[in-house]
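Next up, final_36.cif (mmCIF, C-alpha atoms):
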```cif
data_data
loop_
_atom_site.label_atom_id
_atom_site.label_comp_id
_atom_site.auth_asym_id
_atom_site.auth_seq_id
_atom_site.Cartn_x
_atom_site.Cartn_y
_atom_site.Cartn_z
CA MET A 7 45.42 315.21 30.36
CA LYS A 8 48.51 317.13 29.19
CA LYS A 9 48.20 319.46 32.17
CA ALA A 10 48.07 316.48 34.56
CA CYS A 11 51.20 315.01 32.94
CA LYS A 12 53.04 318.30 33.34
CA ILE A 13 52.08 318.47 37.00
CA LEU A 14 53.24 314.88 37.54
CA ILE A 15 56.57 315.57 35.84
CA THR A 16 57.05 318.71 37.92
CA VAL A 17 56.37 316.80 41.15
CA LEU A 18 58.81 314.05 40.17
CA LEU A 19 61.49 316.62 39.39
CA LEU A 20 60.95 318.33 42.74
CA ILE A 21 61.49 314.98 44.46
CA THR A 22 64.35 313.56 42.41
CA ILE A 23 66.53 316.64 41.95
CA PRO A 24 67.08 317.28 45.71
CA ALA A 25 67.59 313.54 46.26
CA ALA A 26 70.18 313.37 43.50
CA ALA A 27 71.93 316.46 44.82
CA PHE A 28 72.06 314.93 48.29
CA LEU A 29 73.56 311.69 46.95
CA ILE A 30 76.18 313.67 45.04
CA TYR A 31 76.97 315.57 48.25
CA LEU A 32 77.44 312.30 50.15
CA SER A 33 79.63 310.79 47.44
CA VAL A 34 82.35 313.40 48.04
CA TYR A 35 84.21 312.64 51.25
CA TYR A 36 87.59 312.72 52.96
CA HIS A 37 89.70 309.64 52.27
CA ALA A 38 92.04 307.91 54.70
CA GLU A 39 95.72 308.63 54.15
CA ASP A 40 98.26 305.85 53.69
CA LYS A 41 99.46 306.17 57.30
CA ALA A 42 95.91 305.43 58.45
CA LEU A 43 95.70 302.33 56.27
CA ASP A 44 99.05 301.17 57.63
CA ALA A 45 97.58 301.32 61.14
CA LEU A 46 95.01 298.69 60.15
CA ARG A 47 97.70 296.02 60.36
CA SER A 48 97.85 293.97 63.53
CA ASP A 49 101.01 294.01 65.61
CA GLY A 50 102.28 292.37 68.77
CA THR A 51 100.05 294.52 70.99
CA VAL A 52 96.85 295.20 69.03
CA SER A 53 94.93 292.83 66.80
CA VAL A 54 92.98 294.70 64.09
CA SER A 55 90.10 292.91 62.38
CA ARG A 56 87.16 293.64 60.09
CA THR A 57 83.69 293.13 61.51
CA ASP A 58 80.10 293.41 60.33
CA PHE A 59 79.93 296.88 61.90
CA GLY A 60 83.37 298.17 60.86
CA TRP A 61 86.67 297.46 62.65
CA PHE A 62 87.80 296.07 66.00
CA PHE A 63 91.05 297.18 67.66
CA ASP A 64 91.67 294.50 70.26
CA GLY A 65 94.45 295.42 72.68
CA PRO A 66 95.42 294.14 76.14
CA SER A 67 92.27 295.42 77.87
CA GLU A 68 89.88 292.89 79.34
CA ASP A 69 87.43 295.25 81.01
CA THR A 70 87.30 298.62 79.16
CA ALA A 71 86.18 299.39 75.60
CA MET A 72 84.90 302.22 73.44
CA VAL A 73 82.55 302.37 70.49
CA PHE A 74 83.66 305.16 68.16
CA TYR A 75 81.54 307.10 65.62
CA PRO A 76 83.53 308.86 62.83
CA GLY A 77 83.03 312.43 61.67
CA ALA A 78 80.74 313.42 58.82
CA LYS A 79 81.94 312.51 55.33
CA VAL A 80 85.18 311.06 56.67
CA GLU A 81 86.31 307.55 55.74
CA GLU A 82 86.17 305.65 59.01
CA THR A 83 89.62 304.11 58.61
CA SER A 84 91.10 307.61 58.89
CA TYR A 85 90.89 307.18 62.67
CA ALA A 86 92.93 303.96 62.75
CA PRO A 87 96.15 305.56 64.12
CA LEU A 88 94.29 307.18 67.01
CA LEU A 89 92.20 304.14 67.86
CA LYS A 90 95.04 301.65 67.55
CA GLU A 91 97.14 303.74 69.95
CA LEU A 92 94.20 303.92 72.35
CA ALA A 93 93.77 300.15 72.20
CA SER A 94 97.48 299.64 72.90
CA ARG A 95 97.08 301.76 76.05
CA GLY A 96 94.21 299.75 77.52
CA VAL A 97 90.93 300.72 75.81
CA ASP A 98 89.74 298.31 73.12
CA VAL A 99 87.92 300.15 70.34
CA PHE A 100 85.04 299.27 68.02
CA LEU A 101 85.10 301.61 65.01
CA VAL A 102 81.70 301.89 63.33
CA LYS A 103 81.37 302.26 59.56
CA MET A 104 78.37 304.55 59.20
CA PRO A 105 75.90 304.48 56.28
CA PHE A 106 76.92 307.17 53.78
CA ARG A 107 79.62 308.19 56.33
CA MET A 108 77.02 310.06 58.38
CA ALA A 109 76.52 309.04 62.02
CA PHE A 110 72.93 310.28 62.18
CA PHE A 111 71.92 307.39 59.88
CA ASP A 112 72.75 304.83 62.62
CA ILE A 113 72.84 306.64 65.96
CA ASP A 114 72.16 303.53 68.03
CA ALA A 115 74.80 301.35 66.31
CA ALA A 116 76.55 300.93 69.66
CA GLU A 117 73.65 299.02 71.19
CA GLU A 118 74.27 295.92 69.07
CA ILE A 119 77.96 295.97 69.97
CA PHE A 120 77.18 296.25 73.69
CA ASP A 121 75.06 293.12 73.36
CA MET A 122 77.75 291.19 71.47
CA TYR A 123 80.73 291.78 73.76
CA ASP A 124 81.30 291.58 77.49
CA TYR A 125 83.18 294.54 79.02
CA GLN A 126 82.74 296.02 82.48
CA ARG A 127 83.18 299.63 81.32
CA TRP A 128 81.82 300.97 78.04
CA TYR A 129 82.55 304.39 76.56
CA LEU A 130 80.81 305.86 73.54
CA GLY A 131 82.85 308.38 71.59
CA GLY A 132 83.16 310.16 68.31
CA HIS A 133 84.62 312.99 66.29
CA SER A 134 82.64 316.05 65.21
CA LEU A 135 79.17 314.89 64.06
CA GLY A 136 80.04 311.41 65.32
CA GLY A 137 80.64 312.83 68.78
CA ALA A 138 77.38 314.76 68.77
CA MET A 139 75.48 311.61 67.80
CA ALA A 140 77.32 309.62 70.47
CA ALA A 141 76.29 312.18 73.08
CA TYR A 142 72.69 312.08 71.84
CA GLN A 143 72.61 308.29 72.05
CA ALA A 144 74.07 308.43 75.56
CA SER A 145 71.33 310.79 76.68
CA GLU A 146 68.70 308.49 75.19
CA ASP A 147 70.01 305.19 76.53
CA PRO A 148 72.79 305.51 79.14
CA GLU A 149 72.20 302.14 80.80
CA ASP A 150 75.26 300.30 79.43
CA LEU A 151 77.60 303.28 79.52
CA THR A 152 80.34 304.49 81.81
CA GLY A 153 80.97 307.68 79.85
CA ILE A 154 81.32 309.54 76.57
CA VAL A 155 84.38 310.86 74.72
CA LEU A 156 83.84 313.86 72.44
CA LEU A 157 86.53 314.99 70.01
CA ALA A 158 85.86 318.45 68.54
CA SER A 159 82.22 317.97 69.43
CA PHE A 160 79.56 318.76 72.02
CA PRO A 161 76.35 317.41 73.53
CA THR A 162 73.07 319.04 72.55
CA ARG A 163 71.13 317.53 75.44
CA GLU A 164 71.87 316.96 79.10
CA VAL A 165 74.31 314.14 79.71
CA PRO A 166 73.04 311.82 82.47
CA GLY A 167 74.65 312.73 85.77
CA ASP A 168 76.11 309.28 86.48
CA LEU A 169 78.23 309.30 83.29
CA GLU A 170 81.70 310.66 82.69
CA GLU A 171 82.31 313.15 79.88
CA ILE A 172 85.68 313.73 78.22
CA LEU A 173 85.92 316.64 75.78
CA ILE A 174 89.00 317.32 73.65
CA VAL A 175 89.35 320.06 71.04
CA GLY A 176 92.21 321.73 69.17
CA SER A 177 92.91 325.41 69.78
CA GLU A 178 93.09 326.13 66.04
CA ASP A 179 89.85 324.33 65.16
CA GLN A 180 87.78 326.57 62.89
CA VAL A 181 85.24 323.90 61.91
CA VAL A 182 83.65 323.27 65.29
CA ASP A 183 81.14 325.82 66.58
CA TRP A 184 82.84 327.23 69.67
CA ASP A 185 79.60 328.78 70.91
CA LYS A 186 78.10 325.29 70.97
CA ILE A 187 81.16 323.96 72.77
CA GLU A 188 80.47 326.58 75.43
CA ALA A 189 76.76 325.79 75.51
CA GLY A 190 77.54 322.07 75.72
CA ARG A 191 79.36 322.60 79.01
CA GLU A 192 75.99 323.38 80.58
CA TYR A 193 74.84 319.85 79.71
CA ALA A 194 77.93 318.19 81.20
CA PRO A 195 77.72 315.80 84.15
CA ASP A 196 79.69 316.36 87.35
CA ASP A 197 82.46 314.00 86.20
CA TYR A 198 83.64 316.26 83.38
CA HIS A 199 87.13 316.46 81.85
CA GLU A 200 88.13 318.98 79.18
CA TYR A 201 91.40 319.44 77.35
CA ILE A 202 92.41 321.89 74.63
CA ILE A 203 95.29 320.79 72.42
CA GLU A 204 97.41 323.88 71.84
CA GLY A 205 98.11 324.12 68.13
CA GLY A 206 95.70 321.33 67.23
CA ASN A 207 92.87 321.65 64.73
CA HIS A 208 89.73 319.78 63.68
CA ALA A 209 91.11 317.28 61.19
CA LEU A 210 94.17 315.96 63.03
CA PHE A 211 92.15 313.58 65.20
CA GLY A 212 92.08 311.53 62.02
CA CYS A 213 94.49 311.13 59.13
CA TYR A 214 92.54 312.38 56.13
CA GLY A 215 94.29 315.58 55.13
CA GLN A 216 93.25 319.19 55.43
CA GLN A 217 89.55 319.81 56.05
CA ARG A 218 87.81 322.64 54.30
CA GLY A 219 87.45 325.70 56.52
CA ASP A 220 89.73 324.34 59.23
CA GLY A 221 92.46 326.32 60.96
CA THR A 222 96.14 325.68 60.35
CA ALA A 223 97.60 323.36 62.95
CA THR A 224 100.99 324.13 64.49
CA VAL A 225 101.43 320.55 65.70
CA THR A 226 101.61 317.28 63.75
CA ASP A 227 98.91 314.64 63.67
CA GLU A 228 101.22 312.41 65.73
CA VAL A 229 101.33 315.04 68.48
CA GLN A 230 97.56 315.59 68.44
CA ILE A 231 96.87 311.87 68.54
CA SER A 232 99.39 311.34 71.35
CA GLU A 233 97.93 314.14 73.50
CA THR A 234 94.40 312.87 72.84
CA VAL A 235 95.22 309.33 73.93
CA ASP A 236 97.17 310.55 76.98
CA PHE A 237 94.25 312.66 78.17
CA ILE A 238 91.66 309.94 77.62
CA ILE A 239 93.72 307.38 79.51
CA SER A 240 94.44 309.74 82.40
CA SER A 241 90.77 310.81 82.61
CA ILE A 242 89.22 307.36 82.75
CA GLY A 243 91.79 306.18 85.30
#
```
Mind converting the file's structure to structure tokens?
Amino acid sequence: MKKACKILITVLLLITIPAAAFLIYLSVYYHAEDKALDALRSDGTVSVSRTDFGWFFDGPSEDTAMVFYPGAKVEETSYAPLLKELASRGVDVFLVKMPFRMAFFDIDAAEEIFDMYDYQRWYLGGHSLGGAMAAYQASEDPEDLTGIVLLASFPTREVPGDLEEILIVGSEDQVVDWDKIEAGREYAPDDYHEYIIEGGNHALFGCYGQQRGDGTATVTDEVQISETVDFIISSIG
């Protein structure tokens, strides 16, 4: 009986200790800076509102929108400056708040949004892990999509040939796997657009401070965000 109890205790420890460690890992994340929180205020061009899925940046667009998946362990509101600027330039954006700040927990979150809103052109985008999960979802179910937008990310499966792909990465990014960026080009559709931000790094697509292991940027977050929005707008026409 005592031996059976010891075995049971050992099994429970083997289950609970990794689970607890994983929860502790998820509880430490990058927080949005004040400038990101400031961008959550509506202005004369973009209305910003909370939703059941996260946030909606509603600009002047009536036909084009993007669903955006945040990077791993990054507070989703960190991307507010980028997405608000994008909305002001003609692409409304739905920012998804992911469970535990990990996009792989809700890869198909975009599908519900597609069903709720009526736009002629839908893009699915994301940063880092969020971009990889967006690309995966696009390869699984491309029916509602016009294209994908990957920031410091890459597809791991072939992107359907009738979609557009926009890839943007900073030259000083030391978080992204550059070998996988190269490999991801082999999965790209014919309508492929790539831009490298000279002096940009991994973290400056959002406003959440320095990311561990990242390279030192030689441009500001304002410059990286501006170049990102410019390239997206010029690529989607």
Against range 61-80 of chain A, which residues of range 155-239 of chain A fall within 12 Å? For each one I want the closest pair of atoms and the distance in Å (one decimal), counting only C-alpha atoms, rows by chain and increasing residue number, as JSON lines.
```
{"residue": "A:Val155", "atom": "CA", "partner": "A:Phe74", "partner_atom": "CA", "distance": 8.7}
{"residue": "A:Leu156", "atom": "CA", "partner": "A:Phe74", "partner_atom": "CA", "distance": 9.7}
{"residue": "A:Leu157", "atom": "CA", "partner": "A:Gly77", "partner_atom": "CA", "distance": 9.4}
{"residue": "A:Ala158", "atom": "CA", "partner": "A:Gly77", "partner_atom": "CA", "distance": 9.6}
{"residue": "A:Ser159", "atom": "CA", "partner": "A:Gly77", "partner_atom": "CA", "distance": 9.6}
{"residue": "A:Val181", "atom": "CA", "partner": "A:Gly77", "partner_atom": "CA", "distance": 11.7}
{"residue": "A:Val182", "atom": "CA", "partner": "A:Gly77", "partner_atom": "CA", "distance": 11.4}
{"residue": "A:His208", "atom": "CA", "partner": "A:Gly77", "partner_atom": "CA", "distance": 10.1}
{"residue": "A:Ala209", "atom": "CA", "partner": "A:Gly77", "partner_atom": "CA", "distance": 9.4}
{"residue": "A:Leu210", "atom": "CA", "partner": "A:Gly77", "partner_atom": "CA", "distance": 11.8}
{"residue": "A:Phe211", "atom": "CA", "partner": "A:Gly77", "partner_atom": "CA", "distance": 9.8}
{"residue": "A:Gly212", "atom": "CA", "partner": "A:Val80", "partner_atom": "CA", "distance": 8.7}
{"residue": "A:Cys213", "atom": "CA", "partner": "A:Val80", "partner_atom": "CA", "distance": 9.6}
{"residue": "A:Tyr214", "atom": "CA", "partner": "A:Val80", "partner_atom": "CA", "distance": 7.5}
{"residue": "A:Gly215", "atom": "CA", "partner": "A:Val80", "partner_atom": "CA", "distance": 10.3}
{"residue": "A:Gln216", "atom": "CA", "partner": "A:Val80", "partner_atom": "CA", "distance": 11.5}
{"residue": "A:Gln217", "atom": "CA", "partner": "A:Val80", "partner_atom": "CA", "distance": 9.8}
{"residue": "A:Arg218", "atom": "CA", "partner": "A:Lys79", "partner_atom": "CA", "distance": 11.8}
{"residue": "A:Ile238", "atom": "CA", "partner": "A:Met72", "partner_atom": "CA", "distance": 11.1}
{"residue": "A:Ile239", "atom": "CA", "partner": "A:Thr70", "partner_atom": "CA", "distance": 10.9}
```
Let me know the residues the PyMOL selection byres ((chain A and resi 105) around 12) catches in the file above, as a PyMOL selection string.
chain A and resi 32-33+59-60+75-82+102-104+106-113+115
Contacts of Asp185 in chain A at 12 Å or less, counting all atoms listed in the file, minus same-chain residues fewer than 6 places along, as a list in words?
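The neighbour list is Ser159, Phe160, Thr162, Arg191 and Glu192 of chain A.
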Considering all atoms listed in the file, return as a ChimeraX atom specification whatever protein or nucleic-acid residues lie within 10 Å of Glu233 in chain A, sequence-local ones (same chain, fewer than 4 positions apart) excluded.
/A:174,201-204,206,227-229,237-239
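Nearest residue to Gly136 in chain A, choosing from A:Ala42, A:Leu151, A:Ala116, A:Val54 and counting only C-alpha atoms: A:Ala116.
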Closest of A:Leu169, A:Ile187, A:Val175, A:Ala141 to Ile242 in chain A - atom-to-atom distances counting only C-alpha atoms
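Result for the nearest residue to Ile242 in chain A: A:Leu169.
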I need the residue nearest Arg127 in chain A from this list: A:Asn207, A:Thr234, A:Thr152, A:Thr222. Use only C-alpha atoms for the distance.
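Of the candidates, the smallest distance to Arg127 in chain A is held by A:Thr152.
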Closest of A:Glu164, A:Asp197, A:Glu117, A:Asp40 to Ala138 in chain A - atom-to-atom distances counting all atoms listed in the file:
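Of the candidates, the smallest distance to Ala138 in chain A is held by A:Glu164.
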Between CA of Leu88 in chain A and CA of Ile231 in chain A - distance in Å to one decimal:
5.6 Å
Straight-line distance linking CA of Tyr129 in chain A with CA of Thr224 in chain A, stated in Å to one decimal
29.6 Å
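Atom pair CA of Gly167 in chain A / CA of Ile154 in chain A: separated by 11.8 Å.
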Hits of the PyMOL selection byres ((chain A and resi 172) around 6) in this structure, as a list in words
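Listing what the PyMOL selection byres ((chain A and resi 172) around 6) selects in the shown file: Val155, Glu171, Leu173, His199 and Glu200 of chain A.
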With a distance cut-off of 12 Å and only C-alpha atoms, select the neighbouring residues of Asp168 in chain A, excluding the residue or stretch itself and same-chain residues fewer than 6 positions from it, and output the selection as a ChimeraX atom specification.
/A:144-145,148-154,194-198
Written as a PyMOL selection string, which residues does the PyMOL selection byres ((chain A and resi 90) around 12) give for the file shown?
chain A and resi 42-55+61-66+72+74+83-89+91-101+212+231-232+235
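Distances to Thr226 in chain A were evaluated for A:Gly176, A:Pro161, A:Gly132, A:Pro166 using all atoms listed in the file, and the minimum falls at A:Gly176.
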N, CA and C atoms restored at range 78-105 of chain A, emitted as a tab-separated table (two decimals), keeping the file's coordinate frame:
```
chain	number	residue	atom	x	y	z
A	78	ALA	N	81.53	313.38	60.04
A	78	ALA	CA	80.74	313.42	58.82
A	78	ALA	C	81.62	313.43	57.57
A	79	LYS	N	81.27	312.57	56.63
A	79	LYS	CA	81.94	312.51	55.33
A	79	LYS	C	83.43	312.23	55.45
A	80	VAL	N	83.79	311.47	56.48
A	80	VAL	CA	85.18	311.06	56.67
A	80	VAL	C	85.23	309.53	56.61
A	81	GLU	N	86.13	309.00	55.80
A	81	GLU	CA	86.31	307.55	55.74
A	81	GLU	C	86.71	307.04	57.13
A	82	GLU	N	85.99	306.06	57.61
A	82	GLU	CA	86.17	305.65	59.01
A	82	GLU	C	87.58	305.18	59.32
A	83	THR	N	88.27	304.60	58.36
A	83	THR	CA	89.62	304.11	58.61
A	83	THR	C	90.63	305.24	58.85
A	84	SER	N	90.23	306.47	58.61
A	84	SER	CA	91.10	307.61	58.89
A	84	SER	C	91.48	307.69	60.37
A	85	TYR	N	90.66	307.10	61.22
A	85	TYR	CA	90.89	307.18	62.67
A	85	TYR	C	91.71	306.01	63.19
A	86	ALA	N	92.20	305.15	62.31
A	86	ALA	CA	92.93	303.96	62.75
A	86	ALA	C	94.15	304.28	63.61
A	87	PRO	N	94.99	305.28	63.26
A	87	PRO	CA	96.15	305.56	64.12
A	87	PRO	C	95.76	305.94	65.54
A	88	LEU	N	94.75	306.78	65.69
A	88	LEU	CA	94.29	307.18	67.01
A	88	LEU	C	93.74	305.99	67.79
A	89	LEU	N	92.89	305.21	67.16
A	89	LEU	CA	92.20	304.14	67.86
A	89	LEU	C	93.12	302.97	68.16
A	90	LYS	N	94.07	302.72	67.28
A	90	LYS	CA	95.04	301.65	67.55
A	90	LYS	C	95.92	302.02	68.74
A	91	GLU	N	96.35	303.28	68.82
A	91	GLU	CA	97.14	303.74	69.95
A	91	GLU	C	96.33	303.65	71.24
A	92	LEU	N	95.06	304.01	71.17
A	92	LEU	CA	94.20	303.92	72.35
A	92	LEU	C	94.06	302.47	72.81
A	93	ALA	N	93.88	301.57	71.86
A	93	ALA	CA	93.77	300.15	72.20
A	93	ALA	C	95.05	299.63	72.84
A	94	SER	N	96.20	300.09	72.34
A	94	SER	CA	97.48	299.64	72.90
A	94	SER	C	97.67	300.11	74.33
A	95	ARG	N	96.94	301.18	74.71
A	95	ARG	CA	97.08	301.76	76.05
A	95	ARG	C	96.00	301.26	77.02
A	96	GLY	N	95.14	300.35	76.58
A	96	GLY	CA	94.21	299.75	77.52
A	96	GLY	C	92.74	299.99	77.31
A	97	VAL	N	92.35	300.55	76.14
A	97	VAL	CA	90.93	300.72	75.81
A	97	VAL	C	90.67	300.10	74.45
A	98	ASP	N	90.09	298.92	74.40
A	98	ASP	CA	89.74	298.31	73.12
A	98	ASP	C	88.72	299.20	72.41
A	99	VAL	N	88.78	299.22	71.08
A	99	VAL	CA	87.92	300.15	70.34
A	99	VAL	C	87.19	299.44	69.20
A	100	PHE	N	85.88	299.74	69.12
A	100	PHE	CA	85.04	299.27	68.02
A	100	PHE	C	84.72	300.48	67.15
A	101	LEU	N	85.29	300.51	65.96
A	101	LEU	CA	85.10	301.61	65.01
A	101	LEU	C	83.92	301.29	64.09
A	102	VAL	N	82.92	302.15	64.10
A	102	VAL	CA	81.70	301.89	63.33
A	102	VAL	C	81.79	302.52	61.94
A	103	LYS	N	81.49	301.74	60.93
A	103	LYS	CA	81.37	302.26	59.56
A	103	LYS	C	79.92	302.70	59.37
A	104	MET	N	79.72	304.01	59.27
A	104	MET	CA	78.37	304.55	59.20
A	104	MET	C	77.82	304.56	57.77
A	105	PRO	N	76.51	304.36	57.61
A	105	PRO	CA	75.90	304.48	56.28
A	105	PRO	C	76.16	305.86	55.70
```
